[in-house]
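**Q** Next comes query35.txt, compact mmCIF, C-alpha atoms:
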# COMPACT_ATOMS: atom_id res chain seq x y z
CA MET A 81 42.90 0.33 -129.54
CA ARG A 82 45.46 -1.16 -127.19
CA PRO A 83 44.19 -2.07 -123.67
CA THR A 84 45.10 0.26 -120.84
CA PRO A 85 47.72 -1.05 -118.31
CA PRO A 86 45.13 -1.94 -115.63
CA ARG A 87 43.04 -3.91 -118.11
CA LEU A 88 46.16 -5.57 -119.50
CA PHE A 89 47.18 -6.60 -115.98
CA VAL A 90 43.75 -8.09 -115.26
CA ARG A 91 43.84 -10.00 -118.55
CA TRP A 92 47.29 -11.47 -117.97
CA PHE A 93 46.54 -12.20 -114.31
CA GLY A 94 43.51 -14.20 -115.41
CA VAL A 95 45.54 -16.14 -117.97
CA LEU A 96 48.33 -16.91 -115.52
CA SER A 97 45.93 -17.80 -112.67
CA LEU A 98 43.79 -20.18 -114.70
CA PRO A 99 46.09 -23.23 -114.24
CA ALA A 100 46.24 -22.65 -110.47
CA ILE A 101 42.46 -22.33 -110.27
CA VAL A 102 41.99 -25.53 -112.27
CA ALA A 103 44.57 -27.40 -110.17
CA THR A 104 42.89 -26.22 -106.97
CA GLY A 105 39.51 -27.35 -108.23
CA VAL A 106 40.87 -30.77 -109.20
CA SER A 107 42.57 -31.16 -105.81
CA PHE A 108 39.40 -30.22 -103.92
CA THR A 109 37.25 -32.54 -106.04
CA ARG A 110 39.62 -35.44 -105.39
CA ALA A 111 39.47 -34.75 -101.66
CA LEU A 112 35.68 -34.88 -101.74
CA ASP A 113 35.72 -38.13 -103.75
CA ALA A 114 38.39 -39.89 -101.66
CA ARG A 115 37.50 -43.19 -100.03
CA GLY A 116 36.40 -43.07 -96.43
CA ASN A 117 33.53 -42.17 -94.16
CA LEU A 118 34.14 -38.45 -93.61
CA SER A 119 31.23 -36.07 -94.17
CA LEU A 120 31.37 -33.36 -96.81
CA SER A 121 32.11 -30.70 -94.20
CA GLU A 122 34.84 -32.82 -92.59
CA ARG A 123 36.49 -33.44 -95.97
CA SER A 124 36.33 -29.73 -96.77
CA VAL A 125 37.90 -28.73 -93.47
CA GLU A 126 40.67 -31.33 -93.84
CA TRP A 127 41.40 -30.06 -97.36
CA LEU A 128 41.61 -26.48 -96.13
CA ARG A 129 44.03 -27.50 -93.38
CA ASP A 130 46.23 -29.22 -95.95
CA HIS A 131 46.25 -26.21 -98.28
CA ASN A 132 47.58 -23.35 -96.15
CA PHE A 133 44.28 -22.43 -94.51
CA GLY A 134 45.02 -24.20 -91.22
CA ASP A 135 45.33 -21.00 -89.20
CA THR A 136 42.04 -19.71 -90.59
CA VAL A 137 40.24 -22.97 -89.78
CA SER A 138 41.73 -22.99 -86.28
CA TRP A 139 40.61 -19.40 -85.69
CA VAL A 140 37.05 -20.17 -86.81
CA GLU A 141 36.85 -23.29 -84.65
CA HIS A 142 38.37 -21.56 -81.63
CA THR A 143 35.89 -18.69 -82.01
CA TYR A 144 32.97 -21.10 -82.27
CA TYR A 145 34.00 -23.20 -79.26
CA SER A 146 34.72 -20.10 -77.17
CA ALA A 147 31.18 -18.89 -77.80
CA ASN A 148 29.65 -22.30 -77.03
CA GLN A 149 31.07 -23.31 -73.68
CA PRO A 150 28.89 -25.40 -71.34
CA GLN A 151 26.75 -23.42 -68.93
CA THR A 152 27.65 -23.43 -65.28
CA GLY A 153 25.26 -25.14 -62.91
CA GLY A 154 22.43 -27.31 -64.17
CA THR A 155 21.86 -31.00 -63.68
CA LEU A 156 21.61 -34.23 -65.63
CA ALA A 157 17.88 -34.41 -66.28
CA ALA A 158 18.01 -38.10 -67.16
CA GLY A 159 20.41 -38.97 -64.35
CA ILE A 160 23.30 -41.41 -64.72
CA PRO A 161 22.75 -43.78 -67.65
CA HIS A 162 22.95 -47.54 -67.64
CA ALA A 163 25.79 -49.11 -69.62
CA ALA A 164 24.92 -51.31 -72.59
CA VAL A 165 25.46 -54.93 -71.57
CA SER A 166 24.30 -58.26 -72.98
CA ALA A 167 23.24 -60.50 -70.10
CA PRO A 168 24.44 -64.13 -70.23
CA THR A 169 21.76 -66.71 -70.96
CA THR A 170 23.61 -69.93 -71.68
CA ALA A 171 23.80 -72.86 -69.27
CA SER A 172 27.58 -72.72 -69.33
CA THR A 173 27.53 -69.28 -67.77
CA THR A 174 27.76 -69.42 -64.00
CA THR A 175 29.11 -66.00 -63.01
CA ALA A 176 26.53 -63.24 -62.64
CA VAL A 177 27.24 -59.99 -64.43
CA THR A 178 27.03 -57.33 -61.74
CA ALA A 179 28.42 -53.90 -61.01
CA VAL A 180 31.96 -53.75 -59.67
CA ASN A 181 32.12 -52.12 -56.25
CA ASP A 182 35.40 -50.14 -56.49
CA SER A 183 33.61 -47.00 -57.64
CA ILE A 184 35.20 -43.79 -58.86
CA VAL A 185 34.66 -41.16 -56.19
CA PRO A 186 32.25 -38.58 -57.71
CA ILE A 187 33.51 -35.04 -58.21
CA ALA A 188 30.22 -33.12 -58.18
CA SER A 189 28.13 -32.96 -55.02
CA PRO A 190 25.68 -34.28 -54.12
CA ALA A 191 26.39 -37.47 -56.04
CA LEU A 192 23.63 -38.92 -58.22
CA PRO A 193 22.47 -42.54 -58.01
CA ARG A 194 25.01 -44.81 -59.82
CA GLU A 195 27.42 -41.89 -60.33
CA GLY A 196 30.96 -43.26 -60.60
CA VAL A 197 29.84 -46.88 -60.13
CA TRP A 198 31.44 -49.41 -62.47
CA GLN A 199 28.83 -51.15 -64.59
CA PRO A 200 29.39 -54.13 -66.90
CA LEU A 201 29.75 -53.06 -70.53
CA GLY A 202 29.43 -55.02 -73.75
CA ASP A 203 29.32 -58.71 -74.54
CA VAL A 204 30.01 -61.43 -72.01
CA VAL A 205 33.41 -63.13 -71.97
CA GLN A 206 33.49 -66.41 -70.03
CA GLY A 207 30.74 -65.38 -67.62
CA SER A 208 31.60 -61.73 -67.11
CA THR A 209 32.41 -58.68 -69.18
CA ALA A 210 35.92 -57.63 -70.17
CA MET A 211 34.85 -53.99 -69.91
CA GLN A 212 33.15 -51.84 -67.31
CA ALA A 213 31.86 -48.29 -67.69
CA ALA A 214 31.35 -45.59 -65.10
CA PHE A 215 29.51 -42.32 -65.70
CA LEU A 216 30.00 -39.14 -63.71
CA ARG A 217 30.16 -35.37 -63.99
CA PRO A 218 33.76 -34.37 -64.73
CA ASP A 219 33.88 -31.25 -62.55
CA ALA A 220 31.95 -29.52 -59.81
CA ILE A 221 30.94 -26.54 -61.95
CA HIS A 222 29.09 -27.93 -64.97
CA GLY A 223 26.30 -30.03 -63.53
CA ALA A 224 24.75 -30.94 -66.87
CA VAL A 225 27.94 -32.36 -68.42
CA LEU A 226 28.41 -36.13 -68.43
CA ALA A 227 31.67 -38.03 -68.79
CA ALA A 228 32.21 -41.74 -69.39
CA VAL A 229 35.11 -43.89 -68.23
CA VAL A 230 35.68 -47.38 -69.63
CA ARG A 231 37.98 -49.88 -67.91
CA ILE A 232 39.22 -52.84 -69.96
CA ASP A 233 40.65 -56.03 -68.44
CA GLN A 234 43.62 -57.09 -70.56
CA SER A 235 43.46 -60.65 -69.28
CA LYS A 236 40.17 -60.94 -71.18
CA ALA A 237 40.66 -58.50 -74.04
CA MET A 238 43.37 -57.62 -76.53
CA PHE A 239 43.78 -54.66 -78.83
CA ARG A 240 44.26 -53.80 -82.47
CA VAL A 241 45.76 -50.61 -83.92
CA VAL A 242 44.11 -50.09 -87.32
CA PRO A 243 45.53 -47.60 -89.87
CA GLY A 244 42.76 -45.65 -91.60
CA LEU A 245 42.25 -44.85 -95.26
CA GLN A 246 43.45 -41.25 -94.85
CA GLU A 247 45.17 -41.14 -91.48
CA PRO A 248 47.94 -41.59 -90.51
CA GLY A 249 48.95 -41.53 -94.18
CA GLY A 250 51.94 -43.45 -95.46
CA GLY A 251 49.73 -46.15 -96.99
CA PRO A 252 48.44 -48.22 -98.51
CA TRP A 253 48.17 -50.35 -95.38
CA THR A 254 47.12 -53.97 -95.21
CA GLY A 255 43.48 -54.19 -94.17
CA GLY A 256 42.17 -51.20 -96.10
CA GLY A 257 41.22 -49.17 -93.02
CA ALA A 258 39.19 -51.96 -91.43
CA LEU A 259 39.53 -54.54 -88.67
CA PRO A 260 40.47 -58.04 -89.84
CA THR A 261 37.44 -60.16 -90.67
CA ALA A 262 38.71 -62.83 -88.26
CA ASP A 263 38.31 -60.36 -85.37
CA MET A 264 34.61 -59.71 -85.93
CA PRO A 265 33.24 -62.73 -84.00
CA ARG A 266 35.12 -61.53 -80.91
CA LEU A 267 34.88 -57.76 -81.38
CA LEU A 268 33.97 -55.99 -78.13
CA ALA A 269 34.51 -52.31 -78.91
CA ALA A 270 36.40 -49.78 -80.98
CA PHE A 271 37.37 -46.19 -80.34
CA ASN A 272 39.10 -43.15 -81.80
CA SER A 273 42.82 -42.70 -81.91
CA GLY A 274 44.75 -39.40 -81.73
CA PHE A 275 45.16 -36.18 -83.70
CA ARG A 276 45.95 -36.16 -87.38
CA LEU A 277 49.57 -37.22 -87.55
CA VAL A 278 50.73 -33.83 -88.82
CA ASP A 279 49.35 -32.27 -85.61
CA SER A 280 50.31 -35.05 -83.19
CA ARG A 281 53.96 -34.08 -82.65
CA GLY A 282 54.86 -37.72 -83.15
CA GLY A 283 54.83 -40.74 -85.42
CA PHE A 284 52.99 -43.94 -86.20
CA PHE A 285 54.43 -47.47 -86.52
CA ALA A 286 52.54 -50.52 -87.74
CA GLN A 287 52.96 -53.44 -90.12
CA GLY A 288 56.72 -53.12 -89.91
CA ARG A 289 57.07 -49.52 -91.07
CA THR A 290 56.90 -45.99 -89.71
CA THR A 291 55.16 -42.92 -91.03
CA GLY A 292 56.14 -39.61 -89.51
CA GLN A 293 58.89 -39.81 -86.91
CA LEU A 294 58.66 -41.51 -83.53
CA ARG A 295 59.62 -38.77 -81.07
CA VAL A 296 61.53 -39.47 -77.87
CA GLY A 297 59.44 -38.24 -74.93
CA ALA A 298 56.14 -38.41 -76.80
CA ALA A 299 53.04 -39.92 -75.22
CA SER A 300 52.72 -43.28 -76.95
CA LEU A 301 50.11 -45.99 -77.21
CA VAL A 302 52.22 -49.14 -77.63
CA LEU A 303 50.86 -52.50 -78.79
CA ALA A 304 52.74 -55.73 -78.04
CA ALA A 305 52.70 -58.94 -80.08
CA ASP A 306 50.30 -60.61 -77.61
CA GLY A 307 47.72 -57.86 -78.14
CA SER A 308 48.40 -56.11 -74.84
CA LEU A 309 48.55 -52.35 -74.70
CA THR A 310 50.52 -49.89 -72.62
CA ILE A 311 50.72 -46.10 -72.43
CA ALA A 312 54.30 -44.91 -72.39
CA ASP A 313 56.78 -42.07 -72.51
CA TRP A 314 58.60 -43.14 -75.69
CA GLY A 315 62.26 -43.85 -75.04
CA ARG A 316 61.76 -44.17 -71.29
CA ASP A 317 58.95 -46.70 -70.81
CA ALA A 318 59.06 -48.30 -74.27
CA SER A 319 61.14 -48.29 -77.43
CA MET A 320 61.72 -50.33 -80.57
CA ALA A 321 63.91 -52.59 -78.42
CA ASN A 322 60.62 -53.95 -77.01
CA ALA A 323 59.64 -55.13 -80.52
CA PRO A 324 56.20 -53.47 -80.53
CA VAL A 325 53.61 -54.41 -83.14
CA ALA A 326 52.30 -50.85 -83.32
CA VAL A 327 52.98 -47.42 -81.83
CA ARG A 328 50.63 -44.43 -81.98
CA GLN A 329 52.02 -41.17 -80.60
CA ASN A 330 50.06 -38.06 -79.63
CA LEU A 331 51.44 -35.03 -77.79
CA ASP A 332 52.93 -35.64 -74.28
CA LEU A 333 51.72 -37.61 -71.27
CA ILE A 334 49.07 -35.82 -69.20
CA VAL A 335 49.35 -38.23 -66.23
CA ASP A 336 52.71 -39.71 -65.23
CA GLY A 337 53.57 -41.62 -62.09
CA GLY A 338 49.95 -41.27 -61.04
CA GLN A 339 50.25 -37.47 -60.98
CA LEU A 340 49.09 -34.72 -63.31
CA VAL A 341 52.05 -33.54 -65.36
CA ARG A 342 53.23 -29.97 -65.08
CA GLY A 343 52.14 -27.55 -67.76
CA LEU A 344 48.51 -28.58 -68.25
CA ASP A 345 47.51 -24.96 -67.58
CA ASP A 346 49.92 -23.69 -70.26
CA ASN A 347 49.50 -24.15 -74.00
CA ALA A 348 52.74 -22.48 -75.05
CA GLY A 349 53.85 -23.83 -78.41
CA ASP A 350 50.41 -25.39 -78.99
CA ARG A 351 51.47 -28.18 -76.66
CA TRP A 352 47.92 -29.44 -76.19
CA GLY A 353 46.53 -28.70 -79.64
CA LYS A 354 46.38 -25.66 -81.88
CA THR A 355 42.65 -25.35 -82.49
CA VAL A 356 41.24 -25.21 -78.96
CA GLY A 357 44.36 -25.63 -76.86
CA ASN A 358 44.13 -26.67 -73.26
CA ALA A 359 41.54 -24.49 -71.56
CA LEU A 360 38.31 -24.69 -73.58
CA TYR A 361 35.65 -27.20 -72.52
CA VAL A 362 35.07 -29.34 -75.62
CA TRP A 363 34.69 -32.96 -76.67
CA ARG A 364 37.92 -34.66 -75.63
CA SER A 365 39.09 -38.22 -75.17
CA GLY A 366 42.04 -39.84 -73.48
CA ILE A 367 43.52 -43.20 -72.61
CA GLY A 368 45.50 -44.45 -69.64
CA ILE A 369 46.71 -47.54 -67.85
CA ASP A 370 46.27 -48.31 -64.15
CA ALA A 371 48.55 -50.09 -61.70
CA ALA A 372 46.83 -53.42 -62.44
CA GLY A 373 47.49 -53.07 -66.18
CA ARG A 374 43.88 -52.27 -67.07
CA ILE A 375 43.27 -49.81 -69.90
CA LEU A 376 41.16 -46.72 -69.17
CA TYR A 377 39.32 -44.70 -71.82
CA VAL A 378 37.67 -41.36 -70.99
CA ALA A 379 35.40 -39.16 -73.09
CA SER A 380 33.08 -36.22 -72.53
CA GLU A 381 31.58 -33.26 -74.33
CA GLY A 382 32.97 -30.81 -71.76
CA LEU A 383 36.61 -31.36 -70.83
CA THR A 384 39.74 -29.25 -70.70
CA VAL A 385 43.12 -30.96 -70.86
CA LYS A 386 43.37 -30.63 -67.08
CA THR A 387 39.92 -32.05 -66.27
CA LEU A 388 40.58 -34.90 -68.71
CA ALA A 389 43.83 -35.69 -66.92
CA ALA A 390 42.21 -35.36 -63.49
CA LEU A 391 39.43 -37.76 -64.45
CA LEU A 392 41.91 -40.35 -65.74
CA GLN A 393 43.92 -39.98 -62.54
CA ARG A 394 40.77 -40.37 -60.41
CA ALA A 395 39.95 -43.57 -62.32
CA GLY A 396 43.36 -44.94 -61.35
CA ALA A 397 45.64 -44.08 -64.27
CA VAL A 398 49.36 -44.13 -63.56
CA ARG A 399 50.15 -42.92 -67.10
CA ALA A 400 47.74 -41.34 -69.55
CA MET A 401 47.61 -39.38 -72.78
CA GLU A 402 45.11 -37.30 -74.69
CA LEU A 403 43.59 -38.87 -77.79
CA ASP A 404 41.41 -36.89 -80.17
CA ILE A 405 39.28 -33.81 -79.52
CA ASN A 406 36.36 -32.24 -81.40
CA HIS A 407 32.82 -33.59 -81.70
CA SER A 408 33.56 -35.11 -85.12
CA TRP A 409 36.28 -37.43 -83.86
CA VAL A 410 35.57 -38.57 -80.28
CA SER A 411 33.89 -41.94 -80.72
CA PHE A 412 33.59 -45.13 -78.64
CA ASN A 413 31.24 -47.95 -79.64
CA SER A 414 30.67 -51.22 -77.80
CA PHE A 415 29.36 -54.16 -79.81
CA HIS A 416 26.89 -56.92 -79.10
CA HIS A 417 26.57 -60.14 -81.09
CA ASP A 418 22.92 -61.12 -81.46
CA THR A 419 21.65 -64.69 -81.76
CA ALA A 420 22.23 -64.59 -85.53
CA GLY A 421 25.82 -63.54 -84.99
CA GLN A 422 25.20 -60.02 -86.29
CA LEU A 423 26.99 -57.11 -84.65
CA GLN A 424 24.96 -54.33 -83.08
CA GLY A 425 26.78 -51.20 -81.98
CA THR A 426 26.00 -48.88 -79.08
CA LYS A 427 27.53 -45.46 -78.48
CA LEU A 428 29.21 -45.00 -75.13
CA LEU A 429 27.62 -41.56 -74.84
CA ASP A 430 24.45 -40.68 -76.73
CA GLY A 431 25.90 -37.32 -77.73
CA MET A 432 28.76 -38.81 -79.72
CA LYS A 433 28.37 -37.68 -83.32
CA LYS A 434 29.44 -40.73 -85.32
CA ALA A 435 27.09 -43.66 -85.86
CA ALA A 436 27.02 -46.67 -83.55
CA ASN A 437 28.14 -48.94 -86.40
CA ARG A 438 31.27 -46.93 -87.05
CA TYR A 439 34.35 -49.17 -87.18
CA LEU A 440 32.41 -52.10 -88.65
CA GLY A 441 33.81 -51.11 -92.03
CA PRO A 442 36.72 -49.08 -93.42
CA ASP A 443 37.37 -45.83 -91.56
CA SER A 444 39.11 -42.71 -92.76
CA ARG A 445 41.12 -42.36 -89.55
CA ASP A 446 43.20 -44.84 -87.61
CA PHE A 447 41.43 -46.34 -84.62
CA ILE A 448 41.75 -48.91 -81.84
CA GLY A 449 39.81 -52.18 -81.74
CA VAL A 450 39.09 -54.24 -78.61
CA VAL A 451 38.81 -58.00 -79.18
CA SER A 452 37.97 -60.80 -76.74
CA ARG A 453 40.75 -63.27 -75.98
CA GLN A 454 38.14 -66.02 -75.55
CA PRO A 455 35.05 -67.03 -77.55
CA LEU A 456 32.05 -64.95 -76.61
CA VAL A 457 28.98 -66.29 -74.86
CA ALA A 458 25.99 -66.11 -77.19
CA ALA A 459 23.19 -63.81 -76.16
Just give me the structure as structure tokens.
**A**
Amino acid sequence: MRPTPPRLFVRWFGVLSLPAIVATGVSFTRALDARGNLSLSERSVEWLRDHNFGDTVSWVEHTYYSANQPQTGGTLAAGIPHAAVSAPTTASTTTAVTAVNDSIVPIASPALPREGVWQPLGDVVQGSTAMQAAFLRPDAIHGAVLAAVVRIDQSKAMFRVVPGLQEPGGGPWTGGGALPTADMPRLLAAFNSGFRLVDSRGGFFAQGRTTGQLRVGAASLVLAADGSLTIADWGRDASMANAPVAVRQNLDLIVDGGQLVRGLDDNAGDRWGKTVGNALYVWRSGIGIDAAGRILYVASEGLTVKTLAALLQRAGAVRAMELDINHSWVSFNSFHHDTAGQLQGTKLLDGMKKAANRYLGPDSRDFIGVVSRQPLVAA
């Protein structure tokens, strides 16, 4: 007996769909087996975004974050933390490592002890640290939310822009997603870069070639041949005429001329990210440069685009940009060299998801390394 039309349709649909199902399975399996340090869930989400499920993933994440906003009020039960610093112990060290007195004015009131005070951070470079950290609450409403600000002295530290195994794509890149081995004896810190390139509204340049397209007007982290870093409006403050070693673009500037840019309250066109946009309080990070040329890094579990920009401005940024968002990606680790020369990592904020030894090996995403310009003082 010949099959009825509905049964015939189901049979042929199954035959025709089988290659697509197999191809999808192969693609997903390859994504799960790809080199890198992403978790199973992170690999799955990235695969879905790359295979026409981006809007669905964004909706799920937006729904989750909307339902899990920080509570108003509250307080920091443990107070303001101490920054991780290795005290100098060698006879050649003559400068004491002490807190810097040009504090960030706290936002929440009353201020807590040490809130906004610059503390030495990381290993000692010629008698003092190249980095300082300040901790404070990022707004006056959420008393239990903690933000960290790191200030890096470029006369003592230089930077590396490291392409990852998966991001920004366009590889293979020299280095295999890791910092050069020669940098390890002077490594001070490393931190996350920006959005996935496809979502960054910009491009990436390193090792003499570009992936994506460098966009005029984009917020750009620009690395010079001497290891110095600046934050720029591409085409206005920096261009290829400056012969940069690396350029990492992400969205638009959020601080410019020392002022918050217009439009931080508006996410028309997904200007500040498609998943959570501009107004939800989530893990966010950003980077800026102050009038003295020092680099500023900010991170917290509870920031909007506007409170991120305001915190960078309060710390002294004249230009600043958003880096990555989402608990999976915001990551800053300082490093200490013990007496055996082994590196020990410390998270800037305890709540950061990734391990403290992240960036000591190949990473799936591009990141920024901070390296001492001088030999370090042994602990």
**Q** CA of Val362 in chain A and CA of Ala213 in chain A, how far apart in Å?
**A**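 Computing it gives 20.8 Å between the two atoms.
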**Q** Rounded to one decimal place, report the CA of Gly250 in chain A-CA of Phe271 in chain A distance in Å.
**A**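 Those two atoms sit 21.2 Å apart.
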**Q** Find the residues around Trp352 in chain A up to 9 Å (all atoms listed in the file counted), leave out those fewer than 4 positions away in its own chain, and share them as an NGL selection string.
**A** :A and (331-332 or 344 or 346-348 or 356-358 or 385 or 402)
**Q** Measuring atom to atom with all atoms listed in the file, identify which of A:Leu156, A:Leu392, A:Val204, A:Leu376 is nearest to Leu267 in chain A.
**A** A:Val204
**Q** Show which residues sit within 10 Å of Gly223 in chain A, as a ChimeraX atom specification. Count all atoms listed in the file, and ignore same-chain residues fewer than 3 positions away.
**A** /A:150-157,188-189,216-220,226
**Q** With distances taken over all atoms listed in the file, which of A:Val410, A:Ala389, A:Val197, A:Met264 is nearest to Lys433 in chain A?
**A**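 Looking at the shortest contact to Lys433 in chain A, the residue is A:Val410.
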**Q** Would you kindly identify which residues have an atom no farther than 9 Å from (30.8, -51.8, -82.4), using all atoms listed in the file and the file's own coordinates, and write them out as a list in words?
**A**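 Residues lying no farther than 9 Å from the given point: Leu267, Leu268, Ala269, Ala270, Phe271, Phe412, Asn413, Ser414, Phe415, His416, Leu423, Gln424, Gly425, Thr426, Lys427, Ala436, Asn437, Arg438, Tyr439 and Leu440 of chain A.
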**Q** Keeping only C-alpha atoms, write the selected residues as a PDB file, in the frame of the given file.
**A**
ATOM      1  CA  LEU A 267      34.880 -57.760 -81.380  1.00  0.00           C
ATOM      2  CA  LEU A 268      33.970 -55.990 -78.130  1.00  0.00           C
ATOM      3  CA  ALA A 269      34.510 -52.310 -78.910  1.00  0.00           C
ATOM      4  CA  ALA A 270      36.400 -49.780 -80.980  1.00  0.00           C
ATOM      5  CA  PHE A 271      37.370 -46.190 -80.340  1.00  0.00           C
ATOM      6  CA  PHE A 412      33.590 -45.130 -78.640  1.00  0.00           C
ATOM      7  CA  ASN A 413      31.240 -47.950 -79.640  1.00  0.00           C
ATOM      8  CA  SER A 414      30.670 -51.220 -77.800  1.00  0.00           C
ATOM      9  CA  PHE A 415      29.360 -54.160 -79.810  1.00  0.00           C
ATOM     10  CA  HIS A 416      26.890 -56.920 -79.100  1.00  0.00           C
ATOM     11  CA  LEU A 423      26.990 -57.110 -84.650  1.00  0.00           C
ATOM     12  CA  GLN A 424      24.960 -54.330 -83.080  1.00  0.00           C
ATOM     13  CA  GLY A 425      26.780 -51.200 -81.980  1.00  0.00           C
ATOM     14  CA  THR A 426      26.000 -48.880 -79.080  1.00  0.00           C
ATOM     15  CA  LYS A 427      27.530 -45.460 -78.480  1.00  0.00           C
ATOM     16  CA  ALA A 436      27.020 -46.670 -83.550  1.00  0.00           C
ATOM     17  CA  ASN A 437      28.140 -48.940 -86.400  1.00  0.00           C
ATOM     18  CA  ARG A 438      31.270 -46.930 -87.050  1.00  0.00           C
ATOM     19  CA  TYR A 439      34.350 -49.170 -87.180  1.00  0.00           C
ATOM     20  CA  LEU A 440      32.410 -52.100 -88.650  1.00  0.00           C
TER      21      LEU A 440
END
**Q** Between CA of Val451 in chain A and CA of Leu259 in chain A, what is the distance, to one decimal in Å?
**A**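 Rounded to one decimal, the two atoms are 10.1 Å apart.
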**Q** If you count all atoms listed in the file, which residues fall within 8 Å of Leu429 in chain A, apart from same-chain ones fewer than 3 positions away, as a VMD selection string?
**A** chain A and resid 228 380 412 432
**Q** Residues at most 8 Å from Gln149 in chain A, counting all atoms listed in the file, excluding those fewer than 2 positions away in the same chain, as a ChimeraX atom specification?
**A** /A:145-147,151,360-362,382
**Q** Using all atoms listed in the file, pick whichever of A:Arg394, A:Arg328, A:Lys236, A:Arg266 has the shortest atom-to-atom distance to Leu294 in chain A.
**A**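 Going through A:Arg394, A:Arg328, A:Lys236, A:Arg266 one by one, the smallest distance to Leu294 in chain A is for A:Arg328.
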**Q** With N, CA and C atoms as the target, complete range 329-340 of chain A and hand it back as a compact mmCIF listing (two decimals), keeping the file's coordinate frame.
**A**
# COMPACT_ATOMS: atom_id res chain seq x y z
N GLN A 329 51.63 -42.26 -81.47
CA GLN A 329 52.02 -41.17 -80.60
C GLN A 329 51.06 -40.00 -80.73
N ASN A 330 50.89 -39.26 -79.62
CA ASN A 330 50.06 -38.06 -79.63
C ASN A 330 50.44 -37.15 -78.47
N LEU A 331 51.07 -36.04 -78.77
CA LEU A 331 51.44 -35.03 -77.79
C LEU A 331 52.33 -35.63 -76.69
N ASP A 332 52.17 -35.15 -75.42
CA ASP A 332 52.93 -35.64 -74.28
C ASP A 332 51.98 -36.28 -73.27
N LEU A 333 52.54 -37.03 -72.33
CA LEU A 333 51.72 -37.61 -71.27
C LEU A 333 51.02 -36.50 -70.49
N ILE A 334 49.78 -36.77 -70.06
CA ILE A 334 49.07 -35.82 -69.20
C ILE A 334 48.99 -36.33 -67.76
N VAL A 335 49.19 -37.63 -67.56
CA VAL A 335 49.35 -38.23 -66.23
C VAL A 335 50.61 -39.08 -66.28
N ASP A 336 51.46 -38.93 -65.28
CA ASP A 336 52.71 -39.71 -65.23
C ASP A 336 53.04 -39.99 -63.77
N GLY A 337 53.32 -41.24 -63.47
CA GLY A 337 53.57 -41.62 -62.09
C GLY A 337 52.36 -41.41 -61.20
N GLY A 338 51.18 -41.48 -61.79
CA GLY A 338 49.95 -41.27 -61.04
C GLY A 338 49.64 -39.83 -60.73
N GLN A 339 50.43 -38.89 -61.26
CA GLN A 339 50.25 -37.47 -60.98
C GLN A 339 50.00 -36.71 -62.27
N LEU A 340 49.25 -35.59 -62.16
CA LEU A 340 49.09 -34.72 -63.31
C LEU A 340 50.44 -34.12 -63.67
